[in-house]
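Student: Once you've had a glance at the structure underneath, I'll fire off some questions.
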Amino acid sequence: MIFYLIRRVLYAIPISLAVSLVCFMLVHIAPGDPINAIVPPDAPQAVVEQIKHEYGLDKPLPVQFGLWLYQVSQGDLGRSLATGRSVWSDLRPATANTLRLAVTASLIGFVLGLILGGLAGTFRGTWIDRIATTFAVAGVSIPHYWLGMVMVILFSVTLGALPAMGAGPGGATDWAWDWAHIQYLILPAVTLSVIPMGIITRTVRGVVGEIMNQDFVNTLRGKGMLPRNIFLHVVKNAAPNALSVMGLQLGYLMGGSILVETVFSWPGTGFLLNSAIFQRDIPLLQGTILVLALFFVALNLIVDLVQTALDPRIKRS
Amino acid sequence: MEPLVHVRDLKVRFVSRDSTVHAVNGVDFDLAPRETLCILGESGSGKSVTLRSLMRLNPPRLTKMTGTVRVGGHDLVTTSERSLADIRGSVVSMIFQEPMTALDPVFTIGMQIRETIRRHETISREDAERRALELLELVQIPSAKRRLAAYPHELSGGLRQRAMIAIALSCRPKLLLADEPTTALDATVQIQILLLLRKLQQDMGMGVIFVTHDLGVAAEIADRVAVMYAGRFIEEGPVSALMRDPLHPYAQGLLGATVHGGVRGKRLTTIPGAPPNLAQVPTGCAFAPRCAYVEPACLAAVPAARSPIPGRAARCIRVPDHAVSTAA
Ligand SMILES: Nc1ncnc2c1ncn2[C@@H]1O[C@H](COP(=O)(O)OP(=O)(O)O)[C@@H](O)[C@H]1O
Ligand SMILES: [Mg+2]
C-alpha cells in the first residue's frame with residue numbers, strides 16, 4: 001500500500017509538468033499581442049521593445065517556458081501585465097474565495113445529491129424516485145447564469161433578503177465565517193450547487209439501484225440483517241464510485257464557476273480569469289490556469305488513493 | 001408433534017403493472033425435523049420461488065403470497081418484517097446458487113460471518129471472531145485463520161460456497177434451504193460440497209430443503225423428493241420409490257423411462273413441448289398439453305393429489321387413490 005501511494009504521487013509529477021506546458025502553450029498560441037493591451041498604439045517602437053524585454057517576451061518560446069517554469073518552481077508566478085502587481089498577490093485571495101464558494105456549493109450539492117440519489121436508488125420506480133429524478137434533470141439542465149439571475153431578482157431585488165454582489169462588506173480580501181460575510185455566499189453557492197446536486201443524484205441513484213439489485217443484498221436479507229445493517233453495506237459498496245464523481249465535480253466547480261462568479265461579481269479565480277482574458281494579461285492567465293489545473297491533478301490523485309483504500313478489488317501492486 | 005415446516009395451499013404471484021406471473025399455484029407439504037426434501041423440476045417451474053417463500057424472501061413490493069407457511073412454529077405469511085428478520089438466519093437460513101455474487105465483495109469473509117452472529121446473539125466481538133473461525137473449520141476451509149481476513153474475490157468458487165455455508169449455519173438454524181448450491185461449481189467440487197452438506201445435516205440435525213437439477217444429487221442426499229411443474233408439486237414420495245417407479249407422466253418423462261435407482265450426474269431428461277405460460281393459472285392439469293395420456297377429464301379441473309400408497313402422492317387422474325388421508 002505504501003509503495004502504491006508513493007508511486008501514485010510520483011506519477012503526478014510528469015502530469016503536472018505536462019499540464020504546465022499546455023497552460024503555457026495555450027496562452028501563447030491564442031491570437032493577439034499582449035503588448036497592445038498595455039502600451040498605447042502610438043508608443044514608440046523603442047518603448048515597446050523595452051517593455052517586451054522587461055517581461056521576457058522577446059525571447060524564443062522554449063526559453064520563455066523554461067524561465068517561467070523555473071520561476072514557478074520557486075513559487076514566483078510573475079507580474080501582471082495590467083497592474084504590475086505580482087500575480088500571486090491577486091491569485092491567492094481569488095483562489096481562497098473560489099475555494100470557499102466551490103466547497104460550500106459542493107457540500108450543498110453533495111448532501112442533497114446523496115440523499116435524493118440514495119432514496120431514488122432504494123425506492124426505484126416509486127413516486128420518490130420520480131421526484132428525485134425530476135430534481136436531478138432540472139439541476140443539470142437549468143443554465144447556471146439564468147438561475148443566478150432569477151435568484152438575484154427573487155431574493156435581492158424583490159425580497160431584499162440577500163446581497164446580490166461581492167464577497168462581503170470588506171471587498172475581496174477579508175473573509176470571515178460570520179453572517180455579514182456568509183449572506184454574500186448563499187446565492188452564488190446555491191446557484192452553483194445545482195449541477196453537482198443533479199449529477200450526484202443521478203450517479204448515486206444508478207449506483208445504489210444497481211447494488212440493491214445484487215444477489216448479496218438478498219443474502220443479507222436472508223440472514224436477517226435489518227435495513228440499517230444493509231444500508232451500511234450499500235454505502236461501502238457505493239462509496240468508491242460516488243467519491244470519484246464527487247471529486248471530479250469539486251474539480252469542475254473550482255474552474256467552472258466563471259459564469260456564476262461573473263453574475264454575482266464574486267472575486268474568485270473565474271472572475272480573475274475573465275478579466276485576464278479580456279486584458280490579455282498573459283502572466284495572470286497562465287498563473288491562474290496553472291493553479292486550477294494543479295488543483296485538478298491533486299484532486300484526482302486524492303480520489304484515486306481514497307478509491308483504492310476503499311475497494312479491496314482494486315489491485316494495489 | 002408439529003412438523004418443522006408446514007405448508008398448505010401456498011400461492012405466489014408476481015404482480016407488476018403490465019403482467020402477472022403465477023409462479024406458485026398451490027403447494028402443500030410438511031417437513032419433519034432432520035428430514036431432507038429435494039425439489040426437482042425444469043427451470044421456471046417455481047422451485048426457487050417456493051424456497052424463498054419459506055423465508056418470505058421474494059421481492060416484497062411485487063409479491064402476493066397466500067396460504068399457510070409455518071416454519072419452526074412461526075407463521076411466515078403474516079409475521080411482521082421485524083420478527084421475520086429475527087427468524088431469518090437463526091431459525092431458517094439459505095445457501096444460494098452463485099457463491100460468486102451472493103457475498104458482499106467489499107467485506108471480509110470473517111466480517112460477514114461475525115455480523116450474522118452478532119445480529120442474532122448478544123456476543124462480544126472476540127467471541128464472534130472465535131465462532132467465525134470455528135465455523136470456517138467446520139466447513140473444512142484450509143488455513144481458516146487466514147481466510148477470515150480474505151475478501152470473497154480472493155477465494156475459489158468452492159471455498160466461497162463453503163464460506164456461504166458457514167454464514168448460513170452460523171446461528172445453528174433448524175431449517176437449511178439450499179437453492180442449487182452446487183450447480184455453479186466444478187464436478188469434483190460439487191461432490192465435496194454435497195458430502196459436506198450431508199455430514200453437517202446429520203451432525204447438526206437440521207431439516208434441509210434442497211433444490212437441484214441433478215438426479216444423482218437427489219438420490220444421494222434426499223429422504224423424500226417432490227417433483228414440481230408449473231408451480232405445483234405434481235408428485236411427492238420417498239426418494240427410492242419415486243425414482244424407481246414414478247407415478248405421474250411428467251415425473252416419468254423427467255426421470256427417463258430406464259433410470260433405476262438414479263445414476264450420479266444424470267441430468268433430467270427433456271420432454272417434448274414447452275412448459276405452460278405462467279401468465280394465466282391453468283384451469284386443468286398444467287401438463288396436459290405435453291402429456292401422451294391426456295383425456296378430456298384432464299382439462300376439466302386441476303387434478304387433486306391422489307395417494308395410491310401411504311407416503312406417496314401424485315396429481316394425475318390416472319393414479320388410483322387408495323389411502324384417504326392428507327399425508328400428501
Ligand atoms: N421477482 C420475480 N418477478 C417476476 N417473476 C418472477 C420473479 N421471480 C421468479 N419469477 C418467475 O417465476 C417463475 C418461477 O421461477 P423460479 O422459481 O425461479 O424457477 P426455478 O424452478 O427455475 O427455480 C418463472 O417464470 C420466473 O420468471
Ligand atoms: Mg431456480
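As shown in the C-alpha cells, the chain order sets the letters A, B, ...; within each chain, residues go from 1, and ligands are also counted from 1 in the order they appear.
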Near chain B, which residues of chain A fall within 8 Å when you count only C-alpha atoms, and what do they look like as a VMD selection string?
Tutor: chain A and resid 214 to 219 221 to 226 233 236 to 237 311 to 313
Student: Keeping only all heavy atoms, write the selected residues to a file as a short mmCIF file (atom, residue, chain, number, x, y, z; two decimals), in the first residue's frame.
Tutor:
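Written out: again08.cif:
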```cif
data_model
loop_
_atom_site.label_atom_id
_atom_site.label_comp_id
_atom_site.auth_asym_id
_atom_site.auth_seq_id
_atom_site.Cartn_x
_atom_site.Cartn_y
_atom_site.Cartn_z
N GLN A 214 -28.26 -6.49 -6.47
CA GLN A 214 -27.28 -7.56 -6.48
C GLN A 214 -27.67 -8.67 -5.51
O GLN A 214 -28.37 -8.45 -4.53
CB GLN A 214 -25.89 -7.01 -6.14
CG GLN A 214 -25.29 -6.35 -7.36
CD GLN A 214 -23.89 -5.87 -7.11
OE1 GLN A 214 -23.19 -6.40 -6.27
NE2 GLN A 214 -23.49 -4.86 -7.84
N ASP A 215 -27.18 -9.87 -5.83
CA ASP A 215 -27.54 -11.04 -5.05
C ASP A 215 -27.18 -10.89 -3.58
O ASP A 215 -27.88 -11.37 -2.71
CB ASP A 215 -26.82 -12.28 -5.60
CG ASP A 215 -27.41 -12.71 -6.92
OD1 ASP A 215 -28.46 -12.15 -7.29
OD2 ASP A 215 -26.83 -13.58 -7.57
N PHE A 216 -26.06 -10.23 -3.31
CA PHE A 216 -25.60 -10.23 -1.92
C PHE A 216 -26.57 -9.49 -1.01
O PHE A 216 -26.63 -9.76 0.19
CB PHE A 216 -24.17 -9.71 -1.79
CG PHE A 216 -24.01 -8.22 -1.88
CD1 PHE A 216 -24.29 -7.42 -0.78
CD2 PHE A 216 -23.54 -7.63 -3.03
CE1 PHE A 216 -24.12 -6.05 -0.86
CE2 PHE A 216 -23.36 -6.27 -3.11
CZ PHE A 216 -23.66 -5.47 -2.02
N VAL A 217 -27.35 -8.56 -1.56
CA VAL A 217 -28.35 -7.88 -0.74
C VAL A 217 -29.41 -8.88 -0.29
O VAL A 217 -29.88 -8.86 0.85
CB VAL A 217 -28.97 -6.70 -1.50
CG1 VAL A 217 -30.11 -6.07 -0.71
CG2 VAL A 217 -27.92 -5.65 -1.81
N ASN A 218 -29.75 -9.79 -1.22
CA ASN A 218 -30.68 -10.87 -0.88
C ASN A 218 -30.10 -11.76 0.23
O ASN A 218 -30.81 -12.17 1.14
CB ASN A 218 -30.96 -11.69 -2.12
CG ASN A 218 -32.42 -11.92 -2.31
OD1 ASN A 218 -33.25 -11.30 -1.64
ND2 ASN A 218 -32.76 -12.83 -3.21
N THR A 219 -28.81 -12.05 0.12
CA THR A 219 -28.15 -12.84 1.15
C THR A 219 -28.26 -12.13 2.50
O THR A 219 -28.55 -12.76 3.52
CB THR A 219 -26.66 -13.05 0.82
OG1 THR A 219 -26.56 -13.53 -0.51
CG2 THR A 219 -26.01 -14.00 1.78
N ARG A 221 -30.50 -9.93 3.47
CA ARG A 221 -31.87 -10.03 3.99
C ARG A 221 -32.11 -11.44 4.50
O ARG A 221 -32.74 -11.63 5.53
CB ARG A 221 -32.88 -9.71 2.88
CG ARG A 221 -32.84 -8.27 2.42
CD ARG A 221 -34.19 -7.83 1.88
NE ARG A 221 -34.55 -8.50 0.65
CZ ARG A 221 -35.78 -8.98 0.38
NH1 ARG A 221 -36.75 -8.83 1.27
NH2 ARG A 221 -36.02 -9.58 -0.75
N GLY A 222 -31.56 -12.43 3.78
CA GLY A 222 -31.78 -13.83 4.14
C GLY A 222 -31.11 -14.21 5.45
O GLY A 222 -31.51 -15.21 6.06
N LYS A 223 -30.10 -13.47 5.88
CA LYS A 223 -29.53 -13.82 7.18
C LYS A 223 -30.05 -12.91 8.28
O LYS A 223 -29.52 -12.89 9.38
CB LYS A 223 -28.01 -13.88 7.13
CG LYS A 223 -27.29 -12.65 6.65
CD LYS A 223 -25.80 -12.96 6.44
CE LYS A 223 -25.00 -11.68 6.43
NZ LYS A 223 -23.57 -11.87 6.31
N GLY A 224 -31.10 -12.17 7.96
CA GLY A 224 -31.82 -11.44 8.99
C GLY A 224 -31.31 -10.03 9.25
O GLY A 224 -31.72 -9.41 10.23
N MET A 225 -30.42 -9.51 8.39
CA MET A 225 -29.91 -8.18 8.65
C MET A 225 -31.04 -7.16 8.51
O MET A 225 -31.93 -7.29 7.67
CB MET A 225 -28.79 -7.82 7.67
CG MET A 225 -27.64 -8.82 7.63
SD MET A 225 -27.02 -9.33 9.23
CE MET A 225 -26.06 -7.90 9.68
N LEU A 226 -30.98 -6.12 9.35
CA LEU A 226 -32.02 -5.10 9.35
C LEU A 226 -31.69 -4.06 8.28
O LEU A 226 -30.55 -3.96 7.84
CB LEU A 226 -32.07 -4.42 10.72
CG LEU A 226 -32.36 -5.39 11.87
CD1 LEU A 226 -32.22 -4.69 13.21
CD2 LEU A 226 -33.76 -5.97 11.72
N HIS A 233 -23.82 -1.74 4.22
CA HIS A 233 -23.21 -2.48 3.11
C HIS A 233 -23.35 -1.69 1.81
O HIS A 233 -22.40 -1.64 1.02
CB HIS A 233 -23.89 -3.84 2.95
CG HIS A 233 -23.42 -4.87 3.95
ND1 HIS A 233 -22.44 -5.78 3.66
CD2 HIS A 233 -23.79 -5.11 5.22
CE1 HIS A 233 -22.24 -6.55 4.72
NE2 HIS A 233 -23.04 -6.16 5.68
N LYS A 236 -20.87 1.23 1.72
CA LYS A 236 -19.47 0.87 1.47
C LYS A 236 -19.27 0.43 0.01
O LYS A 236 -18.22 0.67 -0.56
CB LYS A 236 -19.02 -0.23 2.43
CG LYS A 236 -17.55 -0.50 2.27
CD LYS A 236 -16.82 -0.95 3.50
CE LYS A 236 -15.34 -1.00 3.20
NZ LYS A 236 -14.65 -2.14 3.76
N ASN A 237 -20.29 -0.20 -0.56
CA ASN A 237 -20.17 -0.60 -1.97
C ASN A 237 -20.27 0.59 -2.91
O ASN A 237 -19.65 0.60 -3.96
CB ASN A 237 -21.28 -1.61 -2.32
CG ASN A 237 -20.87 -3.03 -1.99
OD1 ASN A 237 -20.22 -3.68 -2.80
ND2 ASN A 237 -21.20 -3.50 -0.80
N ASP A 311 -11.82 0.08 -1.91
CA ASP A 311 -12.29 -1.08 -2.66
C ASP A 311 -11.23 -2.17 -2.70
O ASP A 311 -10.21 -2.02 -3.36
CB ASP A 311 -12.66 -0.66 -4.09
CG ASP A 311 -13.40 -1.76 -4.81
OD1 ASP A 311 -13.29 -2.93 -4.37
OD2 ASP A 311 -14.09 -1.47 -5.79
N PRO A 312 -11.46 -3.27 -2.00
CA PRO A 312 -10.44 -4.32 -1.94
C PRO A 312 -10.20 -4.99 -3.29
O PRO A 312 -9.21 -5.68 -3.45
CB PRO A 312 -11.04 -5.32 -0.94
CG PRO A 312 -12.50 -5.08 -0.98
CD PRO A 312 -12.66 -3.61 -1.25
N ARG A 313 -11.11 -4.80 -4.24
CA ARG A 313 -10.93 -5.49 -5.52
C ARG A 313 -9.92 -4.80 -6.41
O ARG A 313 -9.43 -5.38 -7.36
CB ARG A 313 -12.28 -5.59 -6.25
CG ARG A 313 -13.19 -6.64 -5.64
CD ARG A 313 -14.59 -6.47 -6.14
NE ARG A 313 -15.13 -5.16 -5.77
CZ ARG A 313 -16.35 -4.77 -6.01
NH1 ARG A 313 -17.18 -5.56 -6.62
NH2 ARG A 313 -16.77 -3.58 -5.64
#
```
Student: Which residues of chain B come within 6 Å of ligand 1, and what is each one's closest atom pair and distance in Å (one decimal), counting only C-alpha atoms and all ligand atoms, sorted by chain and residue number, as a tab-separated table?
Tutor:
```
residue	atom	partner	partner_atom_place_in_ligand_line	distance
B:Phe14	CA	ligand 1	4 (C)	5.0
B:Val21	CA	ligand 1	5 (N)	5.7
B:Ala23	CA	ligand 1	12 (O)	4.3
B:Ser43	CA	ligand 1	22 (O)	3.4
B:Gly44	CA	ligand 1	19 (O)	3.4
B:Ser45	CA	ligand 1	21 (O)	4.0
B:Gly46	CA	ligand 1	17 (O)	3.1
B:Lys47	CA	ligand 1	21 (O)	3.7
B:Ser48	CA	ligand 1	23 (O)	3.7
B:Val49	CA	ligand 1	17 (O)	3.8
B:Pro59	CA	ligand 1	1 (N)	5.8
```
Student: Save the residues we just selected, N, CA and C atoms, as a PDB file, in the first residue's frame?
Tutor:
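Result file is part.pdb:
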```
ATOM      1  N   PHE B  14     -46.446 -12.788  -8.890  1.00  0.00           N
ATOM      2  CA  PHE B  14     -45.677 -11.550  -9.038  1.00  0.00           C
ATOM      3  C   PHE B  14     -46.500 -10.604  -9.884  1.00  0.00           C
ATOM      4  N   VAL B  21     -47.361 -12.952 -12.971  1.00  0.00           N
ATOM      5  CA  VAL B  21     -46.799 -14.292 -13.123  1.00  0.00           C
ATOM      6  C   VAL B  21     -47.298 -15.148 -11.960  1.00  0.00           C
ATOM      7  N   ALA B  23     -46.415 -17.873 -10.197  1.00  0.00           N
ATOM      8  CA  ALA B  23     -45.223 -18.709 -10.087  1.00  0.00           C
ATOM      9  C   ALA B  23     -45.490 -19.958  -9.252  1.00  0.00           C
ATOM     10  N   SER B  43     -36.411 -25.798 -15.233  1.00  0.00           N
ATOM     11  CA  SER B  43     -36.189 -24.399 -14.908  1.00  0.00           C
ATOM     12  C   SER B  43     -37.478 -23.608 -15.143  1.00  0.00           C
ATOM     13  N   GLY B  44     -37.823 -22.737 -14.213  1.00  0.00           N
ATOM     14  CA  GLY B  44     -39.047 -21.949 -14.333  1.00  0.00           C
ATOM     15  C   GLY B  44     -40.262 -22.589 -13.708  1.00  0.00           C
ATOM     16  N   SER B  45     -40.100 -23.757 -13.082  1.00  0.00           N
ATOM     17  CA  SER B  45     -41.275 -24.432 -12.530  1.00  0.00           C
ATOM     18  C   SER B  45     -41.664 -23.878 -11.160  1.00  0.00           C
ATOM     19  N   GLY B  46     -40.864 -22.973 -10.603  1.00  0.00           N
ATOM     20  CA  GLY B  46     -41.240 -22.337  -9.339  1.00  0.00           C
ATOM     21  C   GLY B  46     -40.480 -22.855  -8.135  1.00  0.00           C
ATOM     22  N   LYS B  47     -39.389 -23.580  -8.353  1.00  0.00           N
ATOM     23  CA  LYS B  47     -38.640 -24.152  -7.226  1.00  0.00           C
ATOM     24  C   LYS B  47     -38.032 -23.052  -6.353  1.00  0.00           C
ATOM     25  N   SER B  48     -37.344 -22.119  -6.994  1.00  0.00           N
ATOM     26  CA  SER B  48     -36.689 -21.064  -6.208  1.00  0.00           C
ATOM     27  C   SER B  48     -37.713 -20.201  -5.486  1.00  0.00           C
ATOM     28  N   VAL B  49     -38.800 -19.880  -6.167  1.00  0.00           N
ATOM     29  CA  VAL B  49     -39.814 -19.035  -5.540  1.00  0.00           C
ATOM     30  C   VAL B  49     -40.398 -19.739  -4.323  1.00  0.00           C
ATOM     31  N   PRO B  59     -39.203 -10.571  -3.618  1.00  0.00           N
ATOM     32  CA  PRO B  59     -39.233  -9.100  -3.526  1.00  0.00           C
ATOM     33  C   PRO B  59     -40.572  -8.604  -2.989  1.00  0.00           C
TER      34      PRO B  59
END
```
Student: If we count only C-alpha atoms, what is near B:Val71 at a cut-off of 12 Å, once residues fewer than 3 positions away on the same chain are taken out, given as a PyMOL selection string?
Tutor: chain B and resi 2-8+29-33+51+53-56+68+74-77+79+84+87-88+90-93+173-177+207
Student: Can you list, as number ranges by chain, all residues belonging to stretch 176-299 of chain B that DSSP tags as strand (DSSP E or B)?
Tutor: B: 176-179, 207-211, 214, 224-229, 232-238, 267
Student: Of the candidates B:Met111, B:Ala178, B:Ala274, B:Val12, which one gets nearest to ligand 2 if we count only C-alpha atoms and all ligand atoms?
Tutor: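 Checking each candidate against ligand 2, we get B:Ala178 as the closest.
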Student: Just the number, please: distance in Å from atom CA of B:Ala187 to atom CA of B:Ser240, one decimal.
Tutor: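 According to the coordinates, atom CA of B:Ala187 and atom CA of B:Ser240 are separated by 23.4 Å.
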Student: I'd like to know which of B:Ile317, B:Ile39, B:Met206, B:Val15 is closest to ligand 2, using only C-alpha atoms and all ligand atoms.
Tutor: B:Ile39
Student: Using only C-alpha atoms, which residues sit within 12 Å of A:Gln249 once same-chain residues fewer than 3 positions away are excluded, as a ChimeraX atom specification?
Tutor: /A:102-103,105-107,109-110,113,192-200,203,242-246,252-257,296,299-300,303
Student: For each of B:Val211, B:Ile165, B:Leu200, B:Leu133, take the minimum atom-to-atom distance to ligand 2, counting only C-alpha atoms and all ligand atoms, then give the residue where this is smallest.
Tutor: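 Checking each of B:Val211, B:Ile165, B:Leu200, B:Leu133 against ligand 2, counting only C-alpha atoms and all ligand atoms, the winner is B:Val211.
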Student: Tell me, in Å to one decimal, how far atom CA of A:Ile182 is from atom CA of A:Gly168.
Tutor: 7.7 Å
Student: Using DSSP on the backbone, list every residue of stretch 142-280 of chain B that comes out as alpha helix (DSSP H), and give them as number ranges by chain.
Tutor: B: 144-148, 157-169, 187-204, 215-221, 239-244, 249-255
Student: Pick out the closest residue to A:Arg124 from this set: B:Ile109, B:Ala279, B:Arg61, B:Val217. Count only C-alpha atoms.
Tutor: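 Ranking B:Ile109, B:Ala279, B:Arg61, B:Val217 by distance to A:Arg124, first place goes to B:Arg61.
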Student: Which of these residues is nearest to ligand 2, using only C-alpha atoms and all ligand atoms: B:Pro181, B:Pro249, B:Pro275, B:Gly110?
Tutor: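 Looking at the shortest contact to ligand 2, the residue is B:Pro181.
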Student: So, counting only C-alpha atoms and all ligand atoms, which residue among B:Val239, B:Ala297, B:Met228, B:Ile141 is closest to ligand 2?
Tutor: B:Met228
Student: I'd like the interatomic distance between atom CA of B:Arg224 and atom CA of B:Gly273, to a tenth of an Å.
Tutor: 27.5 Å
Student: Which residues come within 12 Å of A:Ile128, counting only C-alpha atoms, excluding same-chain residues fewer than 4 positions away, as JSON, numbers by chain?
Tutor: {"A": [115, 116, 117, 118, 119, 120, 121, 122, 123, 124, 132, 133, 134, 135, 205]}
Student: Using the selection just defined, write its residues with N, CA, C and O atoms as a PDB file, in the first residue's frame.
Tutor:
```pdb
ATOM      1  N   ILE A 115     -28.642  12.333  -0.604  1.00  0.00           N
ATOM      2  CA  ILE A 115     -29.951  11.982  -0.040  1.00  0.00           C
ATOM      3  C   ILE A 115     -30.930  11.616  -1.156  1.00  0.00           C
ATOM      4  O   ILE A 115     -31.537  10.537  -1.147  1.00  0.00           O
ATOM      5  N   LEU A 116     -31.045  12.528  -2.152  1.00  0.00           N
ATOM      6  CA  LEU A 116     -32.007  12.273  -3.233  1.00  0.00           C
ATOM      7  C   LEU A 116     -31.646  10.999  -3.991  1.00  0.00           C
ATOM      8  O   LEU A 116     -32.499  10.157  -4.266  1.00  0.00           O
ATOM      9  N   GLY A 117     -30.349  10.870  -4.334  1.00  0.00           N
ATOM     10  CA  GLY A 117     -29.921   9.704  -5.112  1.00  0.00           C
ATOM     11  C   GLY A 117     -30.090   8.416  -4.319  1.00  0.00           C
ATOM     12  O   GLY A 117     -30.516   7.393  -4.852  1.00  0.00           O
ATOM     13  N   GLY A 118     -29.762   8.455  -3.032  1.00  0.00           N
ATOM     14  CA  GLY A 118     -29.908   7.269  -2.192  1.00  0.00           C
ATOM     15  C   GLY A 118     -31.361   6.836  -2.117  1.00  0.00           C
ATOM     16  O   GLY A 118     -31.686   5.652  -2.276  1.00  0.00           O
ATOM     17  N   LEU A 119     -32.255   7.823  -1.899  1.00  0.00           N
ATOM     18  CA  LEU A 119     -33.686   7.494  -1.823  1.00  0.00           C
ATOM     19  C   LEU A 119     -34.180   6.950  -3.164  1.00  0.00           C
ATOM     20  O   LEU A 119     -34.868   5.929  -3.223  1.00  0.00           O
ATOM     21  N   ALA A 120     -33.788   7.659  -4.245  1.00  0.00           N
ATOM     22  CA  ALA A 120     -34.267   7.247  -5.570  1.00  0.00           C
ATOM     23  C   ALA A 120     -33.783   5.839  -5.902  1.00  0.00           C
ATOM     24  O   ALA A 120     -34.527   5.021  -6.436  1.00  0.00           O
ATOM     25  N   GLY A 121     -32.518   5.547  -5.572  1.00  0.00           N
ATOM     26  CA  GLY A 121     -31.979   4.227  -5.880  1.00  0.00           C
ATOM     27  C   GLY A 121     -32.620   3.139  -5.047  1.00  0.00           C
ATOM     28  O   GLY A 121     -32.844   2.023  -5.514  1.00  0.00           O
ATOM     29  N   THR A 122     -32.928   3.462  -3.782  1.00  0.00           N
ATOM     30  CA  THR A 122     -33.536   2.466  -2.910  1.00  0.00           C
ATOM     31  C   THR A 122     -34.980   2.197  -3.309  1.00  0.00           C
ATOM     32  O   THR A 122     -35.435   1.053  -3.280  1.00  0.00           O
ATOM     33  N   PHE A 123     -35.693   3.285  -3.667  1.00  0.00           N
ATOM     34  CA  PHE A 123     -37.117   3.126  -3.981  1.00  0.00           C
ATOM     35  C   PHE A 123     -37.353   3.330  -5.463  1.00  0.00           C
ATOM     36  O   PHE A 123     -38.207   4.103  -5.882  1.00  0.00           O
ATOM     37  N   ARG A 124     -36.560   2.636  -6.273  1.00  0.00           N
ATOM     38  CA  ARG A 124     -36.673   2.780  -7.721  1.00  0.00           C
ATOM     39  C   ARG A 124     -38.077   2.519  -8.217  1.00  0.00           C
ATOM     40  O   ARG A 124     -38.723   1.575  -7.808  1.00  0.00           O
ATOM     41  N   ALA A 132     -37.170  12.719  -7.173  1.00  0.00           N
ATOM     42  CA  ALA A 132     -35.721  12.923  -7.115  1.00  0.00           C
ATOM     43  C   ALA A 132     -35.141  13.062  -8.515  1.00  0.00           C
ATOM     44  O   ALA A 132     -34.286  13.919  -8.762  1.00  0.00           O
ATOM     45  N   THR A 133     -35.629  12.231  -9.441  1.00  0.00           N
ATOM     46  CA  THR A 133     -35.113  12.283 -10.809  1.00  0.00           C
ATOM     47  C   THR A 133     -35.462  13.612 -11.470  1.00  0.00           C
ATOM     48  O   THR A 133     -34.663  14.184 -12.211  1.00  0.00           O
ATOM     49  N   THR A 134     -36.671  14.127 -11.172  1.00  0.00           N
ATOM     50  CA  THR A 134     -37.057  15.427 -11.721  1.00  0.00           C
ATOM     51  C   THR A 134     -36.076  16.501 -11.255  1.00  0.00           C
ATOM     52  O   THR A 134     -35.602  17.319 -12.036  1.00  0.00           O
ATOM     53  N   PHE A 135     -35.764  16.496  -9.957  1.00  0.00           N
ATOM     54  CA  PHE A 135     -34.790  17.445  -9.422  1.00  0.00           C
ATOM     55  C   PHE A 135     -33.450  17.307 -10.142  1.00  0.00           C
ATOM     56  O   PHE A 135     -32.809  18.292 -10.497  1.00  0.00           O
ATOM     57  N   ARG A 205     -28.114   7.410  -7.584  1.00  0.00           N
ATOM     58  CA  ARG A 205     -29.312   6.630  -7.895  1.00  0.00           C
ATOM     59  C   ARG A 205     -28.924   5.379  -8.687  1.00  0.00           C
ATOM     60  O   ARG A 205     -29.349   4.270  -8.363  1.00  0.00           O
TER      61      ARG A 205
END
```
